[in-house]
file target.cif (mmCIF, C-alpha atoms and all ligand atoms)
data_target
loop_
_atom_site.label_atom_id
_atom_site.label_comp_id
_atom_site.auth_asym_id
_atom_site.auth_seq_id
_atom_site.Cartn_x
_atom_site.Cartn_y
_atom_site.Cartn_z
CA MET H 1 99.35 44.90 -12.42
CA ALA H 2 97.08 42.50 -14.36
CA GLU H 3 93.37 42.77 -13.52
CA ARG H 4 91.87 39.67 -11.93
CA PRO H 5 89.24 37.89 -14.06
CA LYS H 6 85.60 38.87 -13.49
CA ASN H 7 83.62 36.23 -11.59
CA LEU H 8 80.71 35.42 -13.84
CA VAL H 9 77.29 33.86 -13.20
CA VAL H 10 75.12 32.91 -16.18
CA LEU H 11 71.40 32.40 -15.59
CA GLY H 12 69.79 30.58 -18.54
CA SER H 13 73.17 29.15 -19.60
CA THR H 14 71.62 26.52 -21.90
CA GLY H 15 69.67 29.10 -23.93
CA THR H 16 70.72 31.00 -27.04
CA VAL H 17 71.99 34.05 -25.16
CA GLY H 18 73.36 32.09 -22.19
CA SER H 19 75.36 29.73 -24.45
CA LEU H 20 76.82 32.68 -26.36
CA ALA H 21 77.80 34.37 -23.09
CA LEU H 22 79.65 31.20 -22.07
CA GLU H 23 81.29 30.95 -25.49
CA LEU H 24 82.62 34.51 -25.11
CA ALA H 25 83.73 33.90 -21.51
CA GLY H 26 85.42 30.62 -22.50
CA GLU H 27 87.48 32.41 -25.14
CA ARG H 28 88.90 34.82 -22.54
CA PRO H 29 89.86 32.90 -19.38
CA ASP H 30 92.16 35.83 -18.57
CA ARG H 31 89.05 38.04 -18.25
CA PHE H 32 86.33 35.68 -16.93
CA ARG H 33 85.94 32.90 -14.39
CA VAL H 34 82.56 31.17 -14.51
CA ILE H 35 81.47 30.52 -10.90
CA GLY H 36 77.73 29.90 -11.24
CA LEU H 37 75.33 28.49 -13.82
CA ALA H 38 71.55 28.12 -13.83
CA ALA H 39 69.31 26.51 -16.41
CA GLY H 40 65.92 24.88 -16.77
CA ARG H 41 65.71 21.26 -17.93
CA ASN H 42 68.44 20.74 -20.53
CA ALA H 43 70.62 18.43 -18.39
CA GLY H 44 72.71 17.29 -21.39
CA LEU H 45 74.02 20.69 -22.44
CA LEU H 46 74.32 21.88 -18.86
CA ALA H 47 76.46 18.84 -18.00
CA GLU H 48 78.88 19.78 -20.80
CA GLN H 49 79.03 23.37 -19.56
CA VAL H 50 79.59 22.29 -15.94
CA ALA H 51 82.31 19.82 -16.99
CA HIS H 52 84.05 22.56 -18.96
CA PHE H 53 83.80 25.53 -16.57
CA ARG H 54 83.58 23.71 -13.21
CA PRO H 55 81.47 26.40 -11.51
CA ARG H 56 81.07 26.40 -7.74
CA LEU H 57 77.28 26.45 -7.86
CA VAL H 58 74.73 25.15 -10.39
CA SER H 59 70.95 25.26 -10.33
CA VAL H 60 68.26 23.55 -12.42
CA ALA H 61 64.47 23.84 -12.59
CA ASP H 62 63.47 20.67 -10.72
CA GLU H 63 64.52 17.56 -8.85
CA GLY H 64 64.32 15.29 -11.92
CA THR H 65 66.75 17.50 -13.85
CA ARG H 66 69.07 17.73 -10.83
CA ARG H 67 69.22 13.91 -10.64
CA ALA H 68 69.82 13.64 -14.39
CA LEU H 69 72.62 16.20 -14.17
CA GLU H 70 74.26 14.53 -11.17
CA LYS H 71 74.17 11.20 -13.01
CA ARG H 72 75.86 12.67 -16.09
CA LEU H 73 78.53 14.41 -14.03
CA GLY H 74 79.18 11.48 -11.70
CA GLY H 75 80.61 13.86 -9.06
CA ARG H 76 83.61 14.72 -11.26
CA THR H 77 83.38 18.52 -11.09
CA GLY H 78 82.89 19.23 -7.39
CA SER H 79 80.08 21.69 -8.27
CA ARG H 80 77.19 21.99 -5.78
CA ILE H 81 73.92 21.35 -7.57
CA LEU H 82 70.70 22.99 -6.44
CA GLU H 83 67.16 23.05 -7.77
CA GLY H 84 64.02 25.17 -8.04
CA GLU H 85 63.52 28.85 -7.33
CA ALA H 86 65.56 28.72 -4.11
CA GLY H 87 68.53 27.28 -5.99
CA LEU H 88 68.18 29.82 -8.77
CA THR H 89 68.12 32.67 -6.27
CA GLU H 90 71.20 31.34 -4.48
CA VAL H 91 73.15 31.22 -7.75
CA ALA H 92 71.93 34.71 -8.70
CA ARG H 93 73.28 36.24 -5.47
CA LEU H 94 76.52 34.24 -5.18
CA ASP H 95 78.85 36.20 -2.89
CA GLU H 96 81.90 36.31 -5.14
CA ALA H 97 80.01 37.17 -8.35
CA ASP H 98 81.03 40.39 -10.11
CA LEU H 99 78.65 40.07 -13.03
CA VAL H 100 75.38 38.15 -13.45
CA VAL H 101 74.11 37.49 -16.98
CA SER H 102 70.31 37.32 -16.70
CA ALA H 103 69.26 35.27 -19.74
CA ILE H 104 66.37 33.11 -18.55
CA VAL H 105 63.44 33.58 -20.89
CA GLY H 106 60.18 35.10 -19.69
CA PHE H 107 58.68 35.82 -16.29
CA ALA H 108 60.79 33.02 -14.74
CA GLY H 109 63.77 35.41 -15.04
CA LEU H 110 62.24 38.07 -12.78
CA VAL H 111 62.91 36.58 -9.33
CA PRO H 112 66.63 35.77 -9.94
CA THR H 113 67.21 39.16 -11.63
CA LEU H 114 65.70 40.86 -8.61
CA ALA H 115 67.77 38.71 -6.25
CA ALA H 116 71.00 39.62 -8.07
CA LEU H 117 70.18 43.34 -8.00
CA GLN H 118 69.15 43.23 -4.33
CA ALA H 119 72.55 41.66 -3.61
CA GLY H 120 74.21 44.58 -5.42
CA LYS H 121 75.46 42.57 -8.42
CA THR H 122 76.03 44.17 -11.80
CA VAL H 123 73.46 42.53 -14.07
CA ALA H 124 73.90 42.07 -17.83
CA LEU H 125 70.20 41.98 -18.63
CA ALA H 126 68.83 39.95 -21.53
CA CYS H 127 65.58 38.95 -19.79
CA LYS H 128 63.52 41.96 -20.86
CA GLU H 129 60.40 40.36 -19.36
CA SER H 130 61.76 41.05 -15.87
CA LEU H 131 61.61 44.79 -16.59
CA VAL H 132 58.31 44.59 -18.49
CA ALA H 133 56.57 42.69 -15.69
CA GLY H 134 58.40 44.14 -12.72
CA GLY H 135 59.88 47.49 -13.82
CA PRO H 136 59.12 49.58 -10.72
CA VAL H 137 60.29 46.90 -8.29
CA VAL H 138 63.39 45.93 -10.30
CA MET H 139 64.53 49.54 -10.72
CA LYS H 140 63.86 50.30 -7.04
CA ALA H 141 66.02 47.31 -6.06
CA ALA H 142 68.86 48.44 -8.34
CA LYS H 143 68.70 51.97 -6.95
CA ALA H 144 68.63 50.78 -3.34
CA SER H 145 71.71 48.55 -3.70
CA GLY H 146 73.53 50.74 -6.24
CA ALA H 147 73.69 47.82 -8.69
CA ALA H 148 74.20 48.61 -12.37
CA ILE H 149 72.08 47.12 -15.17
CA LEU H 150 73.92 46.67 -18.47
CA PRO H 151 71.58 46.04 -21.39
CA VAL H 152 72.16 42.97 -23.55
CA ASP H 153 69.34 43.44 -26.07
CA SER H 154 71.11 44.84 -29.14
CA GLU H 155 68.73 47.83 -29.33
CA HIS H 156 69.23 48.81 -25.70
CA SER H 157 72.96 48.27 -25.93
CA ALA H 158 72.92 50.66 -28.90
CA ILE H 159 70.93 53.28 -26.96
CA PHE H 160 73.21 52.83 -23.93
CA GLN H 161 76.27 53.42 -26.14
CA ALA H 162 74.69 56.43 -27.89
CA LEU H 163 73.89 57.97 -24.50
CA ALA H 164 77.41 57.63 -23.10
CA GLY H 165 78.53 61.09 -21.95
CA GLN H 166 75.21 62.71 -23.00
CA ARG H 167 72.64 64.52 -20.88
CA ARG H 168 69.28 62.75 -20.51
CA GLN H 169 67.31 66.02 -20.61
CA GLU H 170 68.75 66.70 -24.08
CA ILE H 171 67.20 63.59 -25.66
CA ARG H 172 64.49 64.40 -28.22
CA ARG H 173 63.55 60.82 -29.13
CA VAL H 174 64.89 57.31 -29.32
CA ILE H 175 64.70 55.39 -32.60
CA LEU H 176 64.19 51.71 -31.84
CA THR H 177 64.91 49.60 -34.90
CA ALA H 178 63.23 46.30 -35.79
CA SER H 179 64.02 43.79 -38.51
CA GLY H 180 60.28 43.44 -39.17
CA GLY H 181 60.32 39.67 -38.73
CA PRO H 182 59.50 37.03 -41.33
CA PHE H 183 55.92 38.20 -42.05
CA CYS H 184 56.43 41.88 -42.79
CA HIS H 185 55.26 41.42 -46.38
CA LEU H 186 52.12 39.32 -45.63
CA SER H 187 48.57 40.66 -45.87
CA ALA H 188 46.23 40.60 -42.85
CA GLU H 189 44.43 37.64 -44.42
CA GLU H 190 47.66 35.70 -45.05
CA LEU H 191 48.71 36.30 -41.44
CA THR H 192 45.72 34.28 -40.22
CA ARG H 193 47.21 31.15 -41.80
CA VAL H 194 50.88 31.27 -40.74
CA THR H 195 52.21 28.35 -38.75
CA ALA H 196 54.61 28.12 -35.83
CA THR H 197 57.25 26.52 -38.10
CA GLN H 198 57.11 29.50 -40.47
CA ALA H 199 57.23 31.93 -37.56
CA LEU H 200 60.28 30.19 -36.08
CA ALA H 201 62.32 30.91 -39.24
CA HIS H 202 63.56 34.44 -38.44
CA PRO H 203 65.34 36.21 -41.33
CA THR H 204 68.25 37.82 -39.42
CA TRP H 205 68.55 36.60 -35.82
CA VAL H 206 68.91 33.09 -34.34
CA MET H 207 66.96 33.12 -31.09
CA GLY H 208 64.94 31.00 -28.66
CA PRO H 209 61.33 30.15 -29.64
CA LYS H 210 59.53 32.70 -27.44
CA ILE H 211 61.45 35.76 -28.64
CA THR H 212 61.27 34.48 -32.24
CA ILE H 213 57.45 34.45 -32.11
CA ASP H 214 57.49 37.83 -30.35
CA SER H 215 59.64 39.13 -33.22
CA ALA H 216 57.22 37.77 -35.82
CA SER H 217 54.23 39.44 -34.08
CA LEU H 218 56.34 42.58 -33.40
CA MET H 219 55.48 42.17 -29.71
CA ASN H 220 59.22 41.99 -29.11
CA LYS H 221 59.41 45.67 -30.15
CA GLY H 222 56.56 46.51 -27.80
CA LEU H 223 58.33 44.76 -24.92
CA GLU H 224 61.53 46.58 -25.87
CA VAL H 225 59.79 49.97 -25.69
CA ILE H 226 58.75 49.19 -22.10
CA GLU H 227 62.25 47.90 -21.32
CA ALA H 228 63.78 51.11 -22.73
CA CYS H 229 61.41 53.28 -20.67
CA TRP H 230 62.76 51.70 -17.49
CA LEU H 231 66.41 51.50 -18.48
CA PHE H 232 66.70 55.06 -19.76
CA ASP H 233 63.95 56.82 -17.80
CA LEU H 234 61.90 57.65 -20.90
CA GLY H 235 58.19 57.95 -21.59
CA PRO H 236 56.72 55.55 -24.19
CA ASP H 237 55.98 58.44 -26.54
CA GLN H 238 59.66 59.40 -26.67
CA ILE H 239 60.41 56.11 -28.43
CA GLU H 240 59.69 55.53 -32.13
CA MET H 241 59.81 52.12 -33.78
CA HIS H 242 61.41 51.95 -37.21
CA ILE H 243 61.40 48.83 -39.37
CA HIS H 244 64.96 48.55 -40.64
CA ARG H 245 65.28 45.30 -42.53
CA GLN H 246 69.07 45.25 -42.85
CA SER H 247 69.37 45.12 -39.02
CA VAL H 248 72.72 46.91 -38.96
CA ILE H 249 71.63 50.07 -37.15
CA HIS H 250 70.78 48.59 -33.78
CA SER H 251 69.03 51.76 -32.57
CA ALA H 252 69.71 55.49 -32.33
CA VAL H 253 69.14 58.55 -30.17
CA GLU H 254 68.14 61.96 -31.48
CA PHE H 255 69.13 64.98 -29.36
CA ILE H 256 67.48 68.41 -29.12
CA ASP H 257 69.93 69.92 -31.63
CA GLY H 258 68.79 67.42 -34.29
CA SER H 259 71.91 65.20 -34.11
CA ILE H 260 71.23 61.48 -34.28
CA LEU H 261 73.77 59.09 -32.78
CA ALA H 262 73.34 55.50 -33.97
CA GLN H 263 75.26 52.34 -33.14
CA MET H 264 75.93 49.96 -36.02
CA GLY H 265 77.33 46.49 -36.39
CA VAL H 266 76.61 43.07 -37.83
CA PRO H 267 73.38 41.48 -36.55
CA ASP H 268 75.03 39.08 -34.11
CA MET H 269 74.21 38.88 -30.41
CA ARG H 270 77.88 38.34 -29.58
CA LEU H 271 78.41 42.05 -30.20
CA PRO H 272 76.09 43.48 -27.48
CA LEU H 273 76.90 40.56 -25.19
CA ALA H 274 80.65 41.16 -25.45
CA PHE H 275 80.03 44.86 -24.81
CA ALA H 276 78.15 44.07 -21.57
CA LEU H 277 80.64 41.39 -20.44
CA HIS H 278 83.74 43.50 -20.95
CA TYR H 279 82.18 46.82 -19.90
CA PRO H 280 83.62 49.41 -19.33
CA ARG H 281 86.33 48.04 -21.64
CA ARG H 282 85.95 46.75 -25.18
CA ALA H 283 87.53 43.63 -26.58
CA PRO H 284 87.77 41.98 -30.01
CA VAL H 285 85.10 39.33 -30.62
CA PRO H 286 86.75 36.25 -32.19
CA GLY H 287 85.07 35.08 -35.39
CA LEU H 288 82.83 38.14 -35.72
CA GLU H 289 82.89 39.45 -39.30
CA PRO H 290 83.27 43.23 -39.51
CA LEU H 291 80.31 45.12 -40.97
CA ASP H 292 80.89 45.70 -44.68
CA LEU H 293 78.92 48.83 -45.54
CA PHE H 294 79.59 48.39 -49.28
CA GLN H 295 77.91 45.02 -49.11
CA VAL H 296 74.98 46.44 -47.10
CA GLY H 297 74.62 49.11 -49.81
CA ARG H 298 71.33 50.68 -48.77
CA LEU H 299 69.73 51.38 -45.41
CA THR H 300 65.93 51.46 -45.42
CA PHE H 301 63.37 52.51 -42.82
CA GLU H 302 59.60 51.93 -42.72
CA ARG H 303 56.87 52.70 -40.23
CA PRO H 304 55.45 49.62 -38.47
CA ASP H 305 51.89 48.76 -39.49
CA PHE H 306 49.89 48.57 -36.25
CA GLU H 307 46.79 47.41 -38.14
CA ARG H 308 48.35 44.19 -39.41
CA PHE H 309 50.56 43.86 -36.31
CA PRO H 310 48.53 45.06 -33.31
CA CYS H 311 50.90 43.73 -30.61
CA PRO H 312 53.29 46.71 -30.37
CA GLY H 313 50.29 49.07 -30.21
CA LEU H 314 48.92 47.04 -27.29
CA ALA H 315 52.29 47.28 -25.55
CA LEU H 316 52.32 51.06 -26.02
CA GLU H 317 48.82 51.26 -24.55
CA ALA H 318 49.92 49.20 -21.55
CA ALA H 319 53.01 51.38 -21.12
CA ARG H 320 50.85 54.51 -21.16
CA SER H 321 48.40 53.00 -18.63
CA GLY H 322 51.41 52.18 -16.45
CA GLN H 323 51.20 50.52 -13.02
CA SER H 324 50.46 46.79 -13.44
CA ALA H 325 49.24 46.93 -17.08
CA PRO H 326 52.64 45.92 -18.60
CA ALA H 327 52.81 42.94 -16.18
CA ALA H 328 49.38 41.79 -17.40
CA LEU H 329 50.45 42.30 -21.01
CA ASN H 330 53.59 40.23 -20.43
CA ALA H 331 51.65 37.37 -18.83
CA ALA H 332 49.04 37.35 -21.61
CA ASP H 333 51.76 37.33 -24.26
CA GLU H 334 53.53 34.36 -22.65
CA VAL H 335 50.28 32.38 -22.48
CA ALA H 336 49.39 33.27 -26.08
CA VAL H 337 52.84 32.45 -27.49
CA ALA H 338 52.90 29.08 -25.68
CA ALA H 339 49.45 28.22 -27.09
CA PHE H 340 50.53 29.23 -30.60
CA LEU H 341 53.71 27.12 -30.36
CA GLU H 342 51.56 24.17 -29.27
CA GLY H 343 49.40 24.66 -32.38
CA ARG H 344 46.28 25.40 -30.30
CA ILE H 345 45.56 28.88 -31.69
CA GLY H 346 46.30 30.88 -34.84
CA PHE H 347 48.97 33.57 -35.17
CA THR H 348 46.42 36.40 -35.28
CA ASP H 349 44.80 35.08 -32.08
CA ILE H 350 47.89 36.26 -30.15
CA PRO H 351 46.90 39.97 -30.12
CA THR H 352 43.26 39.08 -29.42
CA ILE H 353 44.29 37.19 -26.27
CA ILE H 354 46.47 40.07 -25.11
CA GLN H 355 43.85 42.68 -25.89
CA GLU H 356 41.07 40.82 -24.06
CA THR H 357 43.33 40.19 -21.05
CA LEU H 358 44.23 43.88 -20.87
CA ALA H 359 40.59 44.88 -21.22
CA ALA H 360 39.71 42.74 -18.18
CA HIS H 361 42.66 44.05 -16.15
CA ARG H 362 42.33 46.87 -13.61
CA PRO H 363 45.79 48.47 -13.31
CA ARG H 364 47.09 48.79 -9.75
CA PRO H 365 50.38 50.07 -8.31
CA LEU H 366 53.26 47.56 -8.40
CA ASP H 367 55.01 48.08 -5.09
CA ASP H 368 56.45 44.67 -4.36
CA LEU H 369 57.14 41.21 -5.75
CA GLU H 370 53.99 39.75 -4.19
CA THR H 371 51.80 42.17 -6.15
CA ILE H 372 53.66 41.34 -9.40
CA LEU H 373 53.13 37.61 -8.76
CA GLU H 374 49.42 38.17 -8.11
CA VAL H 375 48.96 40.28 -11.24
CA ASP H 376 50.87 37.75 -13.33
CA ALA H 377 48.82 34.80 -12.04
CA SER H 378 45.50 36.56 -12.54
CA ALA H 379 46.39 37.73 -16.08
CA ARG H 380 47.50 34.18 -16.94
CA ARG H 381 44.14 32.81 -15.77
CA GLN H 382 42.28 35.38 -17.84
CA ALA H 383 44.45 34.77 -20.92
CA GLY H 384 43.98 31.01 -20.46
CA LEU H 385 40.19 31.45 -20.66
CA VAL H 386 40.52 33.36 -23.95
CA VAL H 387 42.86 30.65 -25.30
CA GLU H 388 40.27 27.96 -24.48
CA ARG H 389 37.59 29.86 -26.37
CA LEU H 390 39.76 30.57 -29.43
CA ALA H 391 41.28 27.07 -29.53
CA GLY H 392 37.85 25.66 -30.42
CA SER H 393 37.45 27.91 -33.48
CA TRP H 394 41.06 27.29 -34.54
CA ALA H 395 40.58 23.51 -34.40
CA GLY H 396 37.43 23.91 -36.54
CA LEU H 397 39.28 26.05 -39.12
CA LYS H 398 42.14 23.53 -39.32
CA GLU H 399 39.68 20.70 -39.86
CA MET H 400 37.96 22.58 -42.67
CA ALA H 401 41.32 23.33 -44.34
CA SER H 402 42.49 19.69 -44.23
N1 LIG E 501 68.07 35.12 -28.42
C1 LIG E 501 68.38 36.37 -28.67
O1 LIG E 501 69.00 36.69 -29.70
C2 LIG E 501 67.98 37.45 -27.72
C3 LIG E 501 68.29 38.77 -28.01
C4 LIG E 501 67.95 39.77 -27.12
C5 LIG E 501 67.29 39.47 -25.94
N2 LIG E 501 66.97 38.18 -25.68
C6 LIG E 501 66.26 37.88 -24.43
O2 LIG E 501 67.04 36.96 -23.69
C7 LIG E 501 66.20 36.06 -22.96
C8 LIG E 501 66.58 34.63 -23.34
O3 LIG E 501 66.30 34.42 -24.71
P1 LIG E 501 66.87 33.16 -25.49
O4 LIG E 501 66.56 33.39 -26.91
O5 LIG E 501 68.28 32.90 -25.07
O6 LIG E 501 65.90 32.01 -24.91
P2 LIG E 501 66.09 30.42 -25.01
O7 LIG E 501 67.07 30.09 -26.04
O8 LIG E 501 64.73 29.88 -25.10
O9 LIG E 501 66.74 30.06 -23.58
C9 LIG E 501 66.01 30.21 -22.40
C10 LIG E 501 66.85 29.82 -21.19
O10 LIG E 501 66.05 29.99 -20.03
C11 LIG E 501 66.10 28.77 -19.27
N3 LIG E 501 64.88 28.64 -18.49
C12 LIG E 501 63.60 28.66 -18.94
N4 LIG E 501 62.75 28.51 -17.91
C13 LIG E 501 63.50 28.40 -16.80
C14 LIG E 501 63.22 28.22 -15.42
N5 LIG E 501 61.96 28.15 -14.97
N6 LIG E 501 64.25 28.13 -14.55
C15 LIG E 501 65.52 28.21 -14.97
N7 LIG E 501 65.87 28.39 -16.27
C16 LIG E 501 64.87 28.47 -17.16
C17 LIG E 501 66.25 27.69 -20.34
O11 LIG E 501 66.72 26.47 -19.74
P3 LIG E 501 66.54 25.01 -20.45
O12 LIG E 501 66.69 25.20 -21.90
O13 LIG E 501 67.67 24.24 -19.80
O14 LIG E 501 65.20 24.49 -20.04
C18 LIG E 501 67.30 28.36 -21.22
O15 LIG E 501 68.57 28.27 -20.62
C19 LIG E 501 64.76 36.44 -23.34
O16 LIG E 501 64.24 37.27 -22.37
C20 LIG E 501 64.91 37.20 -24.64
O17 LIG E 501 63.90 38.16 -24.84
C21 LIG E 501 67.31 37.17 -26.53
#

call {"tool": "encode", "arguments": {"input": "target.cif", "output": "structure tokens"}}
result
Amino acid sequence: MAERPKNLVVLGSTGTVGSLALELAGERPDRFRVIGLAAGRNAGLLAEQVAHFRPRLVSVADEGTRRALEKRLGGRTGSRILEGEAGLTEVARLDEADLVVSAIVGFAGLVPTLAALQAGKTVALACKESLVAGGPVVMKAAKASGAAILPVDSEHSAIFQALAGQRRQEIRRVILTASGGPFCHLSAEELTRVTATQALAHPTWVMGPKITIDSASLMNKGLEVIEACWLFDLGPDQIEMHIHRQSVIHSAVEFIDGSILAQMGVPDMRLPLAFALHYPRRAPVPGLEPLDLFQVGRLTFERPDFERFPCPGLALEAARSGQSAPAALNAADEVAVAAFLEGRIGFTDIPTIIQETLAAHRPRPLDDLETILEVDASARRQAGLVVERLAGSWAGLKEMAS
């Protein structure tokens, strides 16, 4: 008997990952039925998605976007349109959903991810920030409801695949690969002058602005270490970052006998996304070029330089401190990246903001969502103060240079 299609909800459907998830689902209507969508403020793209998939429930960030969406749709799809956090949560826990793709960027993805897990939904998790900021609470919710988390980040998908059928206690270390970002070759002095436009031009991956800046500062790797600790029950010192510029080994696991199992493929998010969507099955990914190892030729590995790129070191420190420190780190990073994208601070101010925020933070146990929200708000206030101070010097430097 043919399997019924999986009922799919995509949170962050207008983003890079969310759009790709819908593209993959749209190619296989025999496997997927899109029943819920949530996005922020991009009413134009969301209207196209709603018109195409006709989901039962849709949610947007605010009333203005809801009105704009309703106007574009003119009541043609029969979808119920909601707004704000309540709407987002309702979409995330939709009764009939089999799989929820969590692809909202940043801390905003935490509450709906938690809601989906509390409702027992299988979550394909792209929003690493929800684990970085809320790891203990998110994992407790998944355990309590029995919900599975399928990683979408290519590195975590690789680790997940390498661990299939293996025993956790036989892991020696995890090798987390990183492309190195666009500034790997720049000196510390040159890094002080890079602009947001340069940072947004990533050499191997096409991604949203926040993760692109995190990749350039290598903070993305730091966040991924914390994500991997929660997903695979590892300590931060069991995970080693390797700069691997070809980006074809997506990560690897070394076992106690010295064997290393790596997962390889072209650097294209459709690969880990398709894995999570079709899990536990596999399916061909239309249009995805196979990896040509002859063309790749050489595989290289370098140690990350924590002097020039302090962000991953700060993330490791926060992971070792534990408790609420990673939540504070996450908040500070979001504030710093937003300020950099607005041109208010320099690239090398990002780690300073995070470091000063962490220095002012007193780690406390993270037992519930309320505590996470408090820690996040207080770290944002602290990071905001550092931004204000550094923005003055940055404006002065820019004036001198012009
Ligand atoms: N891009 C990648 O290749 C990649 C790879 C691995 C992991 N990830 C992770 O996946 C997540 C998404 O990344 P991305 O690159 O897809 O980001 P993106 O392109 O910037 O998309 C972000 C999505 O989040 C939505 N959003 C933002 N704030 C929201 C809010 N308050 N309420 C509801 N929706 C909101 C945006 O909606 P609007 O645009 O409509 O405002 C958009 O749909 C991140 O956590 C990232 O670390 C991404």

call {"tool": "closest_residue", "arguments": {"input": "target.cif", "among": "H:Arg389, H:Ser154, H:Pro112, H:Leu314", "to": "H:Leu271", "atoms": "all atoms listed in the file"}}
result
H:Ser154

call {"tool": "residues_near_ligand", "arguments": {"input": "target.cif", "ligand": "ligand LIG 501 (chain E)", "cutoff": "8 Å", "atoms": "all atoms listed in the file", "output": "MDAnalysis selection string"}}
result
chainID H and resid 11:19 38:43 45:46 59:61 84:85 88 102:106 108:109 125:130 152:154 205:212 220 268:269

call {"tool": "closest_residue", "arguments": {"input": "target.cif", "among": "H:Pro286, H:Gly78, H:Pro272, H:Pro29", "to": "H:Gln161", "atoms": "all atoms listed in the file"}}
result
H:Pro272

call {"tool": "closest_residue", "arguments": {"input": "target.cif", "among": "H:Ala339, H:Leu293, H:Ala391, H:Leu218", "to": "H:Glu307", "atoms": "only C-alpha atoms"}}
result
H:Leu218

call {"tool": "residues_near_point", "arguments": {"input": "target.cif", "point": "(61.9, 41.5, -37.3)", "cutoff": "10 Å", "atoms": "only C-alpha atoms", "output": "PyMOL selection string"}}
result
chain H and resi 177-184+202-205+212-221+243-247

call {"tool": "residues_around", "arguments": {"input": "target.cif", "residues": "stretch 189-194 of chain H", "least_positions_apart": "4", "cutoff": "10 Å", "atoms": "only C-alpha atoms", "output": "CSV table (one decimal) with C-alpha atoms, in the coordinates of the input"}}
result
chain,number,residue,atom,x,y,z
H,183,PHE,CA,55.9,38.2,-42.0
H,184,CYS,CA,56.4,41.9,-42.8
H,185,HIS,CA,55.3,41.4,-46.4
H,198,GLN,CA,57.1,29.5,-40.5
H,199,ALA,CA,57.2,31.9,-37.6
H,217,SER,CA,54.2,39.4,-34.1
H,308,ARG,CA,48.4,44.2,-39.4
H,309,PHE,CA,50.6,43.9,-36.3
H,346,GLY,CA,46.3,30.9,-34.8
H,347,PHE,CA,49.0,33.6,-35.2
H,348,THR,CA,46.4,36.4,-35.3
H,349,ASP,CA,44.8,35.1,-32.1
H,397,LEU,CA,39.3,26.0,-39.1
H,398,LYS,CA,42.1,23.5,-39.3

call {"tool": "closest_residue", "arguments": {"input": "target.cif", "among": "H:Arg282, H:Arg33, H:Arg380, H:Arg72", "to": "H:Val335", "atoms": "all atoms listed in the file"}}
result
H:Arg380

call {"tool": "axis_aligned_box", "arguments": {"input": "target.cif", "around": "stretch 222-240 of chain H", "padding_each_side": "3 Å", "output": "AutoDock Vina command-line options"}}
result
--center_x 61.3 --center_y 52.1 --center_z -24.8 --size_x 16.7 --size_y 20.6 --size_z 20.6

call {"tool": "atom_distance", "arguments": {"input": "target.cif", "atom1": "atom CA of H:Val101", "atom2": "atom CA of H:Glu240"}}
result
27.6 Å
